[in-house]
Amino acid sequence: MVDFRVADAQDLPFEDDLFDAVITESVTAFPEDKQRAVNEYVRVTKPGGYVGLNESIWLKVPPPPELVAWASQEVGANVKPLTSDGWAGLLAGAGLREIIARTYEIDTRSEARGILRRYGYGGMLRVLCRMLSLYARSPAYRRFVKGVREGGGVTPENLDEYFGYGVYVGRK
C-alpha cells in the first residue's frame with residue numbers, strides 16, 4: 001500500500017526517524033534553501049537509514065548565462081543546479097556519513113532519440129494529446145509554452161559540456 005502526500009520538502013509532515021530511506025529525484029534543485037530540505041530528509045530518516053538524491057548538476061562552473069536561463073526555462077521553474085561537490089556538501093552538512101557521489105554526463109541527442117524508443121509512437125501520441133489538453137485548459141501552461149517559444153525553445157549547443165546529473169547517497 002502506498003500513501004501519497006503533497007508537502008514542502010523544507011517542512012515535511014512526518015515524525016522524526018520514521019523512514020528507512022528517503023529518495024528524491026529532481027526535487028532538491030528547486031527549493032531556495034536546499035540545506036533545509038536535506039536536513040528535513042535526514043530528520044525523517046531512521047538512524048542507520050539512507051538519504052539519496054538524484055539531481056541535475058553543473059559539470060563545469062561557471063556555466064554560461066544562456067545555459068542557466070535554458071535550465072530554468074526548460075523545467076518551467078527557477079531551478080538552481082549545484083556542482084557535484086555542492087550536492088555532496090549538503091549531505092555532509094546535514095550530518096550524513098559514508099557519502100557516495102556519482103556524476104554522469106548527458107548526451108542530449110542520444111537522450112532525445114531514446115525517448116521515442118522508450119515510449120513508442122503510441123506513448124508519444126498520448127503525451128502530445130495530454131499537452132494539447134493542458135494547453136487548452138491552463139493559462140499558466142500557455143504562458144510557459146509562450147516563454148519557451150520566445151526563448152528559442154532550442155537546446156543550447158554546448159549543453160552537454162556543462163549540464164549533467166548526479167546520484168548522491170549518505171547514511172544517517
# chains A, B, ... in the order shown; residues from 1 in each chain; ligands from 1
call {"tool": "residues_around", "arguments": {"residues": "Val51 in chain A", "least_positions_apart": "6", "cutoff": "8 Å", "atoms": "only C-alpha atoms", "output": "list in words"}}
result
Ala21, Val22, Ile23, Tyr41, Val42, Thr45, Val169, Gly170, Arg171 and Lys172 of chain A
call {"tool": "residues_around", "arguments": {"residues": "Gly164 in chain A", "least_positions_apart": "6", "cutoff": "10 Å", "atoms": "only C-alpha atoms", "output": "number ranges by chain"}}
result
A: 55-60, 81, 83-84, 103-108
call {"tool": "write_last_selection", "arguments": {"atoms": "C-alpha atoms", "output": "mmCIF file, in the first residue's frame"}}
result
data_model
loop_
_atom_site.group_PDB
_atom_site.id
_atom_site.type_symbol
_atom_site.label_atom_id
_atom_site.label_comp_id
_atom_site.auth_asym_id
_atom_site.auth_seq_id
_atom_site.Cartn_x
_atom_site.Cartn_y
_atom_site.Cartn_z
ATOM 1 C CA GLU A 55 19.769 15.837 -9.167
ATOM 2 C CA SER A 56 20.907 17.934 -12.090
ATOM 3 C CA ILE A 57 24.419 19.327 -11.803
ATOM 4 C CA TRP A 58 26.764 21.768 -13.429
ATOM 5 C CA LEU A 59 29.727 19.739 -14.650
ATOM 6 C CA LYS A 60 31.774 22.916 -15.138
ATOM 7 C CA PRO A 81 21.546 23.019 -10.047
ATOM 8 C CA THR A 83 28.074 21.199 -8.662
ATOM 9 C CA SER A 84 28.736 17.642 -7.541
ATOM 10 C CA THR A 103 28.153 12.044 -11.656
ATOM 11 C CA TYR A 104 27.037 11.460 -15.215
ATOM 12 C CA GLU A 105 27.218 13.420 -18.412
ATOM 13 C CA ILE A 106 24.138 13.704 -20.595
ATOM 14 C CA ASP A 107 24.225 13.178 -24.348
ATOM 15 C CA THR A 108 21.166 15.263 -25.265
#
call {"tool": "residues_around", "arguments": {"residues": "Val68 in chain A", "least_positions_apart": "4", "cutoff": "9 Å", "atoms": "only C-alpha atoms", "output": "VMD selection string"}}
result
chain A and resid 63 to 64 72 to 73 79 to 81
call {"tool": "residues_around", "arguments": {"residues": "Arg102 in chain A", "least_positions_apart": "4", "cutoff": "7 Å", "atoms": "only C-alpha atoms", "output": "list in words"}}
result
Gly166, Val167 and Tyr168 of chain A
call {"tool": "write_last_selection", "arguments": {"atoms": "C-alpha atoms", "output": "PDB file, in the first residue's frame"}}
result
ATOM      1  CA  GLY A 166      24.482  13.127 -10.109  1.00  0.00           C
ATOM      2  CA  VAL A 167      23.374  10.482  -7.659  1.00  0.00           C
ATOM      3  CA  TYR A 168      24.293  11.139  -4.017  1.00  0.00           C
TER       4      TYR A 168
END
call {"tool": "closest_residue", "arguments": {"among": "A:Ala37, A:Val44, A:Val127, A:Ala71", "to": "Leu91 in chain A", "atoms": "only C-alpha atoms"}}
result
A:Ala37
